[in-house]
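Engineer: For reference, the file final.cif (mmCIF, C-alpha atoms (C1' of nucleotides)) is included below:
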```cif
data_data
loop_
_atom_site.label_atom_id
_atom_site.label_comp_id
_atom_site.auth_asym_id
_atom_site.auth_seq_id
_atom_site.Cartn_x
_atom_site.Cartn_y
_atom_site.Cartn_z
CA MET A 45 32.15 -35.23 8.32
CA ASP A 46 32.49 -38.13 10.62
CA ASP A 47 35.78 -39.81 10.41
CA ALA A 48 37.49 -37.78 7.77
CA SER A 49 38.68 -34.26 7.46
CA ILE A 50 38.12 -32.53 4.17
CA GLN A 51 41.36 -33.57 2.48
CA HIS A 52 40.36 -37.23 2.74
CA LEU A 53 37.18 -36.90 0.74
CA THR A 54 36.92 -38.62 -2.58
CA GLU A 55 36.45 -36.48 -5.64
CA ALA A 56 32.87 -37.73 -5.93
CA THR A 57 32.13 -36.59 -2.39
CA ARG A 58 33.78 -33.24 -2.98
CA GLU A 59 31.63 -32.81 -6.07
CA LYS A 60 28.53 -33.67 -4.05
CA LEU A 61 29.56 -31.11 -1.47
CA ARG A 62 30.05 -28.44 -4.12
CA GLN A 63 26.61 -29.14 -5.54
CA THR A 64 25.00 -29.03 -2.12
CA VAL A 65 26.57 -25.69 -1.28
CA SER A 66 25.57 -24.39 -4.67
CA LYS A 67 21.95 -25.48 -4.31
CA ILE A 68 21.64 -23.93 -0.87
CA GLU A 69 23.17 -20.66 -2.01
CA ARG A 70 20.84 -20.51 -4.99
CA LEU A 71 17.79 -21.13 -2.82
CA GLU A 72 18.88 -18.55 -0.27
CA GLU A 73 19.25 -16.06 -3.07
CA GLU A 74 15.71 -16.89 -4.16
CA LYS A 75 14.43 -16.45 -0.64
CA LYS A 76 16.09 -13.07 -0.41
CA GLU A 77 14.50 -11.99 -3.67
CA VAL A 78 11.05 -12.99 -2.49
CA ALA A 79 11.61 -11.07 0.75
CA GLU A 80 12.54 -8.03 -1.30
CA GLN A 81 9.39 -8.38 -3.37
CA ILE A 82 7.33 -8.40 -0.19
CA LYS A 83 9.04 -5.23 0.96
CA GLU A 84 8.25 -3.63 -2.39
CA ILE A 85 4.57 -4.45 -2.05
CA TYR A 86 4.50 -2.80 1.37
CA ALA A 87 6.33 0.23 -0.02
CA GLU A 88 3.81 0.53 -2.87
CA ALA A 89 0.91 0.16 -0.45
CA LYS A 90 2.36 2.90 1.72
CA ALA A 91 2.85 5.17 -1.30
CA PHE A 92 -0.79 4.51 -2.19
CA GLY A 93 -1.83 5.74 1.22
CA PHE A 94 -2.40 2.53 3.17
CA ASP A 95 -1.34 2.33 6.80
CA THR A 96 1.47 -0.24 6.68
CA LYS A 97 1.23 -1.06 10.35
CA ALA A 98 -2.45 -1.89 10.03
CA LEU A 99 -1.76 -3.87 6.88
CA ARG A 100 0.86 -5.95 8.66
CA GLN A 101 -1.55 -6.59 11.49
CA VAL A 102 -4.22 -7.76 9.07
CA ILE A 103 -1.76 -10.18 7.46
CA LYS A 104 -0.70 -11.44 10.85
CA LEU A 105 -4.26 -11.89 12.06
CA ARG A 106 -5.26 -13.82 8.95
CA LYS A 107 -2.19 -16.02 9.44
CA GLN A 108 -3.20 -16.67 13.04
CA ASP A 109 -6.70 -17.57 11.88
CA ARG A 110 -5.29 -20.14 9.51
CA ALA A 111 -2.91 -21.50 12.16
CA GLU A 112 -5.69 -21.80 14.69
CA ARG A 113 -7.98 -23.61 12.29
CA GLU A 114 -5.22 -26.06 11.45
CA GLU A 115 -4.42 -26.57 15.11
CA ALA A 116 -8.09 -27.20 15.92
CA GLU A 117 -8.24 -29.83 13.19
CA MET A 118 -5.19 -31.53 14.61
CA VAL A 119 -6.71 -31.60 18.07
CA LEU A 120 -9.89 -33.11 16.68
CA GLU A 121 -7.93 -35.71 14.81
CA THR A 122 -5.91 -36.56 17.91
CA TYR A 123 -9.12 -37.13 19.83
CA LEU A 124 -10.67 -39.20 17.10
CA ILE A 125 -7.57 -41.38 17.03
CA ALA A 126 -7.59 -41.62 20.83
CA LEU A 127 -11.24 -42.72 20.64
CA GLY A 128 -10.44 -45.31 17.99
CA GLU A 129 -12.55 -43.52 15.41
CA ALA A 130 -9.79 -43.04 12.87
CA MET B 143 -10.48 -5.37 8.84
CA ASP B 144 -14.21 -5.98 8.91
CA ASP B 145 -16.77 -4.21 6.75
CA ALA B 146 -17.67 -1.74 9.47
CA SER B 147 -14.11 -0.47 9.63
CA ILE B 148 -13.71 0.03 5.92
CA GLN B 149 -17.15 1.25 4.93
CA HIS B 150 -15.73 4.67 4.27
CA LEU B 151 -13.35 3.34 1.64
CA THR B 152 -14.31 3.43 -2.02
CA GLU B 153 -14.84 0.12 -3.77
CA ALA B 154 -11.71 0.75 -5.85
CA THR B 155 -9.65 1.22 -2.70
CA ARG B 156 -11.11 -1.90 -1.13
CA GLU B 157 -10.23 -3.85 -4.24
CA LYS B 158 -6.69 -2.49 -4.15
CA LEU B 159 -6.45 -3.52 -0.52
CA ARG B 160 -7.65 -7.04 -1.27
CA GLN B 161 -5.10 -7.40 -4.04
CA THR B 162 -2.31 -6.13 -1.82
CA VAL B 163 -3.13 -8.58 0.96
CA SER B 164 -3.40 -11.35 -1.58
CA LYS B 165 -0.03 -10.56 -3.18
CA ILE B 166 1.74 -10.44 0.17
CA GLU B 167 0.21 -13.70 1.28
CA ARG B 168 1.19 -15.39 -1.94
CA LEU B 169 4.77 -14.16 -1.66
CA GLU B 170 5.00 -15.22 1.96
CA GLU B 171 3.80 -18.64 0.95
CA GLU B 172 6.56 -18.73 -1.69
CA LYS B 173 9.14 -17.68 0.84
CA LYS B 174 8.02 -20.45 3.16
CA GLU B 175 8.31 -23.00 0.38
CA VAL B 176 11.84 -21.93 -0.46
CA ALA B 177 12.77 -22.16 3.21
CA GLU B 178 11.40 -25.70 3.26
CA GLN B 179 13.44 -26.60 0.19
CA ILE B 180 16.56 -25.37 1.96
CA LYS B 181 15.75 -27.54 4.95
CA GLU B 182 15.32 -30.50 2.63
CA ILE B 183 18.75 -29.96 1.11
CA TYR B 184 20.28 -29.91 4.58
CA ALA B 185 18.36 -33.07 5.48
CA GLU B 186 19.63 -34.82 2.35
CA ALA B 187 23.17 -33.66 3.05
CA LYS B 188 22.90 -35.06 6.55
CA ALA B 189 21.55 -38.36 5.26
CA PHE B 190 24.50 -38.47 2.90
CA GLY B 191 26.87 -38.13 5.83
CA PHE B 192 27.77 -34.46 5.78
CA ASP B 193 28.09 -32.56 9.03
CA THR B 194 25.33 -29.98 8.67
CA LYS B 195 26.78 -27.71 11.31
CA ALA B 196 30.02 -27.45 9.37
CA LEU B 197 28.04 -27.04 6.17
CA ARG B 198 26.13 -24.11 7.65
CA GLN B 199 29.43 -22.54 8.69
CA VAL B 200 30.76 -22.89 5.16
CA ILE B 201 27.67 -21.19 3.75
CA LYS B 202 27.99 -18.42 6.31
CA LEU B 203 31.68 -17.83 5.62
CA ARG B 204 31.16 -17.71 1.87
CA LYS B 205 28.35 -15.20 2.42
CA GLN B 206 30.67 -13.02 4.48
CA ASP B 207 33.34 -13.29 1.81
CA ARG B 208 30.88 -12.15 -0.85
CA ALA B 209 29.77 -9.26 1.35
CA GLU B 210 33.37 -8.24 1.90
CA ARG B 211 34.20 -8.42 -1.78
CA GLU B 212 31.16 -6.34 -2.65
CA GLU B 213 32.09 -3.83 0.03
CA ALA B 214 35.63 -3.61 -1.35
CA GLU B 215 34.32 -3.12 -4.87
CA MET B 216 32.06 -0.34 -3.71
CA VAL B 217 34.90 1.42 -1.97
CA LEU B 218 37.03 1.06 -5.08
CA GLU B 219 34.29 2.45 -7.27
CA THR B 220 33.70 5.34 -4.90
CA TYR B 221 37.39 6.21 -5.09
CA LEU B 222 37.47 5.92 -8.86
CA ILE B 223 34.44 8.18 -9.16
CA ALA B 224 35.97 10.66 -6.73
CA LEU B 225 39.10 10.68 -8.88
CA GLY B 226 37.10 11.16 -12.05
CA GLU B 227 38.32 7.81 -13.33
CA ALA B 228 34.91 6.23 -13.77
CA MET C 217 32.43 -3.53 26.91
CA ASP C 218 33.00 -0.77 24.51
CA ASP C 219 36.31 0.84 24.96
CA ALA C 220 37.79 -1.20 27.74
CA SER C 221 38.80 -4.80 28.15
CA ILE C 222 37.99 -6.40 31.45
CA GLN C 223 41.21 -5.53 33.24
CA HIS C 224 40.49 -1.85 32.91
CA LEU C 225 37.21 -1.90 34.81
CA THR C 226 37.00 -0.13 38.11
CA GLU C 227 36.24 -2.18 41.19
CA ALA C 228 32.75 -0.65 41.32
CA THR C 229 32.07 -1.78 37.76
CA ARG C 230 33.42 -5.23 38.47
CA GLU C 231 31.13 -5.45 41.47
CA LYS C 232 28.20 -4.37 39.32
CA LEU C 233 29.13 -7.06 36.82
CA ARG C 234 29.29 -9.72 39.51
CA GLN C 235 25.86 -8.74 40.78
CA THR C 236 24.40 -8.77 37.30
CA VAL C 237 25.74 -12.23 36.57
CA SER C 238 24.50 -13.42 39.92
CA LYS C 239 20.98 -12.06 39.38
CA ILE C 240 20.72 -13.61 35.96
CA GLU C 241 21.93 -16.97 37.18
CA ARG C 242 19.45 -16.93 40.03
CA LEU C 243 16.57 -16.09 37.70
CA GLU C 244 17.63 -18.76 35.23
CA GLU C 245 17.64 -21.24 38.05
CA GLU C 246 14.09 -20.17 38.89
CA LYS C 247 13.03 -20.52 35.29
CA LYS C 248 14.48 -23.99 35.18
CA GLU C 249 12.57 -24.98 38.29
CA VAL C 250 9.29 -23.75 36.86
CA ALA C 251 10.00 -25.66 33.65
CA GLU C 252 10.55 -28.79 35.71
CA GLN C 253 7.28 -28.26 37.54
CA ILE C 254 5.50 -28.07 34.20
CA LYS C 255 7.10 -31.32 33.13
CA GLU C 256 5.95 -32.91 36.37
CA ILE C 257 2.35 -31.85 35.74
CA TYR C 258 2.49 -33.44 32.30
CA ALA C 259 4.02 -36.60 33.79
CA GLU C 260 1.25 -36.80 36.40
CA ALA C 261 -1.40 -36.22 33.75
CA LYS C 262 0.08 -39.00 31.67
CA ALA C 263 0.17 -41.34 34.68
CA PHE C 264 -3.48 -40.49 35.27
CA GLY C 265 -4.29 -41.59 31.75
CA PHE C 266 -4.49 -38.35 29.83
CA ASP C 267 -3.13 -38.15 26.32
CA THR C 268 -0.20 -35.75 26.72
CA LYS C 269 -0.06 -34.88 23.07
CA ALA C 270 -3.71 -33.84 23.09
CA LEU C 271 -3.17 -31.95 26.33
CA ARG C 272 -0.30 -29.99 24.81
CA GLN C 273 -2.45 -29.20 21.80
CA VAL C 274 -5.23 -27.92 24.03
CA ILE C 275 -2.81 -25.66 25.88
CA LYS C 276 -1.40 -24.41 22.59
CA LEU C 277 -4.82 -23.77 21.12
CA ARG C 278 -5.96 -21.80 24.16
CA LYS C 279 -2.78 -19.76 23.95
CA GLN C 280 -3.47 -19.03 20.28
CA ASP C 281 -6.99 -17.98 21.17
CA ARG C 282 -5.66 -15.47 23.65
CA ALA C 283 -3.04 -14.21 21.21
CA GLU C 284 -5.60 -13.79 18.48
CA ARG C 285 -8.00 -11.87 20.69
CA GLU C 286 -5.20 -9.54 21.73
CA GLU C 287 -4.13 -9.10 18.13
CA ALA C 288 -7.68 -8.32 17.04
CA GLU C 289 -7.91 -5.65 19.73
CA MET C 290 -4.68 -4.11 18.52
CA VAL C 291 -5.95 -4.02 14.95
CA LEU C 292 -9.12 -2.32 16.07
CA GLU C 293 -7.15 0.23 18.03
CA THR C 294 -4.87 0.89 15.09
CA TYR C 295 -7.89 1.61 12.91
CA LEU C 296 -9.49 3.84 15.49
CA ILE C 297 -6.29 5.82 15.75
CA ALA C 298 -5.99 5.95 11.97
CA LEU C 299 -9.55 7.28 11.83
CA GLY C 300 -8.79 9.88 14.46
CA GLU C 301 -11.21 8.28 16.90
CA ALA C 302 -8.75 7.67 19.69
CA MET D 78 -11.54 -29.90 23.73
CA ASP D 79 -15.18 -29.06 23.35
CA ASP D 80 -18.01 -30.68 25.25
CA ALA D 81 -18.85 -33.01 22.40
CA SER D 82 -15.40 -34.55 22.50
CA ILE D 83 -15.33 -35.14 26.21
CA GLN D 84 -18.90 -36.15 26.87
CA HIS D 85 -17.81 -39.68 27.59
CA LEU D 86 -15.57 -38.53 30.46
CA THR D 87 -16.86 -38.59 34.01
CA GLU D 88 -17.35 -35.29 35.76
CA ALA D 89 -14.44 -36.13 38.09
CA THR D 90 -12.14 -36.67 35.12
CA ARG D 91 -13.28 -33.48 33.48
CA GLU D 92 -12.58 -31.62 36.69
CA LYS D 93 -9.13 -33.18 36.87
CA LEU D 94 -8.50 -32.11 33.30
CA ARG D 95 -9.57 -28.55 34.00
CA GLN D 96 -7.25 -28.37 37.00
CA THR D 97 -4.35 -29.77 34.99
CA VAL D 98 -4.80 -27.24 32.20
CA SER D 99 -5.11 -24.49 34.77
CA LYS D 100 -1.95 -25.50 36.63
CA ILE D 101 0.08 -25.68 33.44
CA GLU D 102 -1.15 -22.32 32.25
CA ARG D 103 -0.36 -20.72 35.59
CA LEU D 104 3.16 -22.17 35.58
CA GLU D 105 3.75 -21.09 32.00
CA GLU D 106 2.68 -17.61 32.99
CA GLU D 107 5.23 -17.74 35.83
CA LYS D 108 7.93 -18.92 33.48
CA LYS D 109 7.16 -16.08 31.12
CA GLU D 110 7.42 -13.57 33.95
CA VAL D 111 10.80 -14.88 35.02
CA ALA D 112 11.98 -14.73 31.40
CA GLU D 113 10.88 -11.11 31.27
CA GLN D 114 12.79 -10.36 34.46
CA ILE D 115 15.91 -11.81 32.87
CA LYS D 116 15.42 -9.60 29.83
CA GLU D 117 15.10 -6.61 32.13
CA ILE D 118 18.39 -7.40 33.81
CA TYR D 119 20.09 -7.59 30.42
CA ALA D 120 18.46 -4.31 29.41
CA GLU D 121 19.71 -2.63 32.58
CA ALA D 122 23.17 -4.05 32.04
CA LYS D 123 23.16 -2.71 28.50
CA ALA D 124 22.02 0.71 29.69
CA PHE D 125 24.87 0.63 32.17
CA GLY D 126 27.30 0.08 29.35
CA PHE D 127 27.92 -3.66 29.45
CA ASP D 128 28.21 -5.62 26.25
CA THR D 129 25.26 -7.98 26.51
CA LYS D 130 26.63 -10.40 23.96
CA ALA D 131 29.77 -10.86 26.04
CA LEU D 132 27.65 -11.08 29.16
CA ARG D 133 25.59 -13.88 27.63
CA GLN D 134 28.80 -15.71 26.77
CA VAL D 135 30.01 -15.40 30.36
CA ILE D 136 26.74 -16.85 31.64
CA LYS D 137 26.98 -19.68 29.14
CA LEU D 138 30.59 -20.49 30.00
CA ARG D 139 29.89 -20.52 33.72
CA LYS D 140 26.96 -22.85 33.09
CA GLN D 141 29.22 -25.21 31.15
CA ASP D 142 31.78 -25.08 33.94
CA ARG D 143 29.15 -26.01 36.49
CA ALA D 144 27.94 -28.86 34.30
CA GLU D 145 31.50 -30.14 33.90
CA ARG D 146 32.17 -29.98 37.62
CA GLU D 147 28.96 -31.88 38.34
CA GLU D 148 29.87 -34.45 35.72
CA ALA D 149 33.33 -34.87 37.24
CA GLU D 150 31.83 -35.28 40.69
CA MET D 151 29.42 -37.91 39.43
CA VAL D 152 32.22 -39.87 37.82
CA LEU D 153 34.24 -39.67 41.01
CA GLU D 154 31.30 -40.86 43.06
CA THR D 155 30.63 -43.71 40.65
CA TYR D 156 34.23 -44.86 41.00
CA LEU D 157 34.14 -44.58 44.77
CA ILE D 158 30.95 -46.62 44.91
CA ALA D 159 32.42 -49.19 42.52
CA LEU D 160 35.43 -49.47 44.82
CA GLY D 161 33.23 -49.82 47.89
CA GLU D 162 34.58 -46.57 49.25
CA ALA D 163 31.28 -44.77 49.57
"C1'" DG E 197 19.61 -45.26 18.27
"C1'" DT E 198 17.57 -42.24 15.26
"C1'" DT E 199 13.84 -39.42 14.01
"C1'" DG E 200 10.43 -36.22 15.80
"C1'" DA E 201 8.86 -32.70 18.96
"C1'" DT E 202 9.74 -29.03 22.13
"C1'" DC E 203 12.19 -25.54 24.12
"C1'" DT E 204 15.75 -22.05 24.01
"C1'" DT E 205 19.00 -19.09 21.95
"C1'" DA E 206 20.54 -16.12 18.15
"C1'" DT E 207 19.96 -13.48 14.27
"C1'" DT E 208 17.27 -10.66 11.49
"C1'" DT E 209 13.54 -7.43 10.67
"C1'" DC E 210 10.47 -3.83 11.75
"C1'" DT E 211 8.90 0.14 14.32
"C1'" DC E 212 9.45 4.34 16.75
"C1'" DG F 43 19.72 3.74 16.43
"C1'" DA F 44 17.50 1.45 20.21
"C1'" DG F 45 13.95 -1.58 21.48
"C1'" DA F 46 10.52 -5.04 20.17
"C1'" DA F 47 8.96 -8.69 17.44
"C1'" DA F 48 9.46 -12.42 14.06
"C1'" DT F 49 12.16 -15.97 12.12
"C1'" DA F 50 15.67 -19.28 12.05
"C1'" DA F 51 19.03 -22.29 14.38
"C1'" DG F 52 20.59 -25.17 17.85
"C1'" DA F 53 20.09 -28.04 21.80
"C1'" DT F 54 17.51 -31.16 24.41
"C1'" DC F 55 14.52 -34.78 25.33
"C1'" DA F 56 11.04 -38.23 24.57
"C1'" DA F 57 9.18 -41.98 21.82
"C1'" DC F 58 9.35 -45.81 18.81
#
```
What does the file become when written as structure tokens?

Structural biologist:
Amino acid sequence: MDDASIQHLTEATREKLRQTVSKIERLEEEKKEVAEQIKEIYAEAKAFGFDTKALRQVIKLRKQDRAEREEAEMVLETYLIALGEA
Amino acid sequence: MDDASIQHLTEATREKLRQTVSKIERLEEEKKEVAEQIKEIYAEAKAFGFDTKALRQVIKLRKQDRAEREEAEMVLETYLIALGEA
Amino acid sequence: MDDASIQHLTEATREKLRQTVSKIERLEEEKKEVAEQIKEIYAEAKAFGFDTKALRQVIKLRKQDRAEREEAEMVLETYLIALGEA
Amino acid sequence: MDDASIQHLTEATREKLRQTVSKIERLEEEKKEVAEQIKEIYAEAKAFGFDTKALRQVIKLRKQDRAEREEAEMVLETYLIALGEA
DNA sequence: GTTGATCTTATTTCTC
DNA sequence: GAGAAATAAGATCAAC
């Protein structure tokens, strides 16, 4: 807050601030819930007899595959732009 | 996990595995989206003129407060139960 | 420092602390120098006419390749262990 | 950067590119090693009983001090030069 | 001069 | 619970 400490804010700004804090807190709550759901899936998988460590590695590897494909596309695009082809 | 590695699994187990991987990946995608929404809120707040560093501190402090209150409530409840009051 | 504030340290411990700080600072200095050398290489490459962005992407992609190969090996090993083969 | 993308480059340029990539990768490897050495020092310090969080703060503060001293010296020098004293 | 990218630090999460 | 790894946050720096 640049040039004003909190007591100098207008009511409208304070209201905006309240809403912002509220939105962030709600989204963080959502994020936490999703993280818990992921943990549950792993727990179920383990209970079913899957090797959680291996499962996590598979997920990670597939993620890397996706990342690498995307990266390769970006490199290609960069070169095409550099060559005046795009 | 290529076919060679899982050829000893039953088809039912393979299907279960596919579903598990799929569920986790979907949830991780969701988590990522929520994280992006949070970043957007911070970006908007910044554009509006809020000091995001201070904002983050506020969020953090409120989170600690909640944690402390919950902790206090748990202690209280434990005591009440121990006293046969709950 | 667990159970003691700084004034309660023995001289031997203080000396150990001095040496630790010194070692870390020396290594951080080294790290900084290497980082500067990397920047110089990029600057030279740019002066030579290379597209730095593309160059960085290439480096990143090659790094991902290496990471993915290592990860794939780890997955394989995990499965072999799980199968009692290693 | 596959062959198709760089087929318009001269062999000399390709060679230069290879050397550049190689130099950067070697330096990044060096940087990584130094970073690992730093982690080792912190690990040793922790094993010895030091509070690594406090230790990190000390390092940070000393770094700031050095930066401030250098800044002060630069200002001094600037003034001396402006006054024709240096 | 402000966003965008990169690099580093800090916190959290997972594994043993 | 300690160590390692992933994620998030902050700082820094270049580019437009």

Engineer: Just need chain B moved onto chain A: least-squares over all Cα atoms matched in order, then output as a tab-separated table (two decimals) with C-alpha atoms, keeping the file's coordinate frame.

Structural biologist:
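The new file out_29.tsv reads:
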```tsv
chain	number	residue	atom	x	y	z
B	143	MET	CA	36.71	-26.67	4.28
B	144	ASP	CA	40.05	-26.61	2.50
B	145	ASP	CA	41.62	-29.54	0.68
B	146	ALA	CA	43.82	-30.46	3.61
B	147	SER	CA	40.80	-30.99	5.83
B	148	ILE	CA	38.93	-33.18	3.41
B	149	GLN	CA	41.73	-35.19	1.85
B	150	HIS	CA	40.51	-38.26	3.63
B	151	LEU	CA	37.12	-38.08	1.94
B	152	THR	CA	36.45	-40.08	-1.20
B	153	GLU	CA	35.87	-38.16	-4.41
B	154	ALA	CA	32.23	-39.30	-4.39
B	155	THR	CA	31.75	-37.88	-0.91
B	156	ARG	CA	33.42	-34.62	-1.86
B	157	GLU	CA	31.13	-34.34	-4.85
B	158	LYS	CA	28.11	-34.99	-2.65
B	159	LEU	CA	29.32	-32.30	-0.29
B	160	ARG	CA	29.74	-29.79	-3.11
B	161	GLN	CA	26.24	-30.49	-4.36
B	162	THR	CA	24.78	-30.13	-0.88
B	163	VAL	CA	26.45	-26.76	-0.32
B	164	SER	CA	25.36	-25.66	-3.75
B	165	LYS	CA	21.72	-26.67	-3.19
B	166	ILE	CA	21.55	-24.89	0.15
B	167	GLU	CA	23.08	-21.75	-1.25
B	168	ARG	CA	20.67	-21.73	-4.15
B	169	LEU	CA	17.68	-22.17	-1.85
B	170	GLU	CA	18.89	-19.46	0.48
B	171	GLU	CA	19.22	-17.17	-2.49
B	172	GLU	CA	15.61	-18.01	-3.42
B	173	LYS	CA	14.45	-17.33	0.10
B	174	LYS	CA	16.17	-13.95	0.03
B	175	GLU	CA	14.48	-13.08	-3.24
B	176	VAL	CA	11.05	-13.94	-1.90
B	177	ALA	CA	11.74	-11.81	1.17
B	178	GLU	CA	12.65	-8.93	-1.12
B	179	GLN	CA	9.43	-9.38	-3.08
B	180	ILE	CA	7.48	-9.15	0.17
B	181	LYS	CA	9.26	-5.93	1.04
B	182	GLU	CA	8.38	-4.57	-2.38
B	183	ILE	CA	4.70	-5.31	-1.87
B	184	TYR	CA	4.78	-3.45	1.44
B	185	ALA	CA	6.58	-0.55	-0.24
B	186	GLU	CA	3.95	-0.40	-2.98
B	187	ALA	CA	1.17	-0.58	-0.41
B	188	LYS	CA	2.75	2.30	1.45
B	189	ALA	CA	3.10	4.33	-1.73
B	190	PHE	CA	-0.57	3.67	-2.38
B	191	GLY	CA	-1.44	5.13	1.00
B	192	PHE	CA	-1.91	2.07	3.16
B	193	ASP	CA	-0.64	2.06	6.72
B	194	THR	CA	1.95	-0.71	6.60
B	195	LYS	CA	1.97	-1.18	10.34
B	196	ALA	CA	-1.74	-1.91	10.32
B	197	LEU	CA	-1.26	-4.10	7.27
B	198	ARG	CA	1.37	-6.16	9.08
B	199	GLN	CA	-1.01	-6.55	12.01
B	200	VAL	CA	-3.73	-7.80	9.68
B	201	ILE	CA	-1.38	-10.37	8.19
B	202	LYS	CA	-0.31	-11.46	11.65
B	203	LEU	CA	-3.87	-11.81	12.93
B	204	ARG	CA	-4.97	-13.82	9.92
B	205	LYS	CA	-1.96	-16.09	10.43
B	206	GLN	CA	-2.97	-16.65	14.05
B	207	ASP	CA	-6.53	-17.36	12.97
B	208	ARG	CA	-5.32	-19.98	10.50
B	209	ALA	CA	-3.11	-21.54	13.16
B	210	GLU	CA	-6.03	-21.66	15.57
B	211	ARG	CA	-8.34	-23.20	13.01
B	212	GLU	CA	-5.76	-25.83	12.13
B	213	GLU	CA	-5.23	-26.55	15.81
B	214	ALA	CA	-8.98	-26.94	16.32
B	215	GLU	CA	-9.23	-29.26	13.34
B	216	MET	CA	-6.44	-31.39	14.68
B	217	VAL	CA	-8.09	-31.67	18.05
B	218	LEU	CA	-11.36	-32.60	16.37
B	219	GLU	CA	-9.67	-35.24	14.27
B	220	THR	CA	-7.86	-36.65	17.28
B	221	TYR	CA	-11.18	-36.99	19.08
B	222	LEU	CA	-12.87	-38.57	16.09
B	223	ILE	CA	-10.04	-41.08	15.74
B	224	ALA	CA	-10.16	-41.82	19.46
B	225	LEU	CA	-13.88	-42.46	19.12
B	226	GLY	CA	-13.37	-44.70	16.11
B	227	GLU	CA	-15.33	-42.28	13.97
B	228	ALA	CA	-12.60	-41.59	11.44
```

Engineer: I need the chain C residues near chain A as a ChimeraX atom specification; criterion: at most 8 Å, counting all atoms listed in the file.

Structural biologist: /C:267,269-270,273-274,277,280-281,284,287-288,291,294-295,298

Engineer: Using only C-alpha atoms (C1' of nucleotides), which residues sit within 8 Å of stretch 45-53 of chain F once same-chain residues fewer than 2 positions away are excluded, as a ChimeraX atom specification?

Structural biologist: /E:204-211

Engineer: Using all atoms listed in the file, which residues of chain C come within 12 Å of chain E, and what is the closest atom pair for each, with the distance in Å to one decimal? Give it as a tab-separated table, sorted by chain and residue number.

Structural biologist:
```
residue	atom	partner	partner_atom	distance
C:Glu244	CA	E:DT204	C1'	11.8
C:Lys247	CA	E:DT204	C1'	11.7
C:Lys248	CA	E:DC203	C1'	11.4
C:Ala251	CA	E:DC203	C1'	9.8
C:Lys255	CA	E:DT202	C1'	11.5
C:Lys269	CA	E:DA201	C1'	10.1
C:Arg272	CA	E:DT202	C1'	10.4
```

Engineer: So that I can see what lies close to stretch 121-125 of chain D, please list as a PyMOL selection string the residues with an atom at most 10 Å from it, counting only C-alpha atoms (C1' of nucleotides) and leaving out residues fewer than 5 positions away in the same chain.

Structural biologist: (chain C and resi 217+229+232-233+236-237) or (chain D and resi 115-116+130+132)

Engineer: So which one's closest to chain F, D:Leu86, D:Ala120, D:Val111, D:Ile101? Using only C-alpha atoms (C1' of nucleotides), please.

Structural biologist: D:Ala120

Engineer: Set the cut-off to 12 Å and count all atoms listed in the file: what are the residues of chain F that reach chain C? Output as an NGL selection string.

Structural biologist: :F and (55-57)

Engineer: May I ask for the distance between atom CA of A:Tyr86 and atom CA of B:Arg156, given in Å to one decimal place?

Structural biologist: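 If I compute the distance from atom CA of A:Tyr86 to atom CA of B:Arg156, I get 15.8 Å.
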
Engineer: Have a look at atom CA of C:Ser238 and atom CA of D:Thr129 and let me know their distance in Å, one decimal.

Structural biologist: 14.5 Å

Engineer: Take atom CA of C:Glu231 and atom CA of D:Ile136 and report the distance between them in Å, one decimal.

Structural biologist: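 The value is 15.7 Å.
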
Engineer: Missing atoms in stretch 115-124 of chain D: fill them in up to N, CA and C atoms and send the result as a compact mmCIF listing (two decimals), in the coordinates of the input.

Structural biologist:
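And here's selection_32.txt as it stands now:
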```
# COMPACT_ATOMS: atom_id res chain seq x y z
N ILE D 115 14.55 -11.62 33.39
CA ILE D 115 15.91 -11.81 32.87
C ILE D 115 16.20 -10.78 31.77
N LYS D 116 15.23 -10.60 30.89
CA LYS D 116 15.42 -9.60 29.83
C LYS D 116 15.65 -8.21 30.41
N GLU D 117 14.91 -7.91 31.47
CA GLU D 117 15.10 -6.61 32.13
C GLU D 117 16.52 -6.44 32.65
N ILE D 118 17.03 -7.49 33.28
CA ILE D 118 18.39 -7.40 33.81
C ILE D 118 19.38 -7.12 32.67
N TYR D 119 19.21 -7.83 31.57
CA TYR D 119 20.09 -7.59 30.42
C TYR D 119 19.93 -6.16 29.90
N ALA D 120 18.70 -5.68 29.89
CA ALA D 120 18.46 -4.31 29.41
C ALA D 120 19.15 -3.30 30.31
N GLU D 121 19.04 -3.52 31.62
CA GLU D 121 19.71 -2.63 32.58
C GLU D 121 21.22 -2.67 32.38
N ALA D 122 21.73 -3.89 32.22
CA ALA D 122 23.17 -4.05 32.04
C ALA D 122 23.64 -3.30 30.78
N LYS D 123 22.83 -3.40 29.74
CA LYS D 123 23.16 -2.71 28.50
C LYS D 123 23.16 -1.20 28.71
N ALA D 124 22.13 -0.72 29.40
CA ALA D 124 22.02 0.71 29.69
C ALA D 124 23.22 1.19 30.50
```
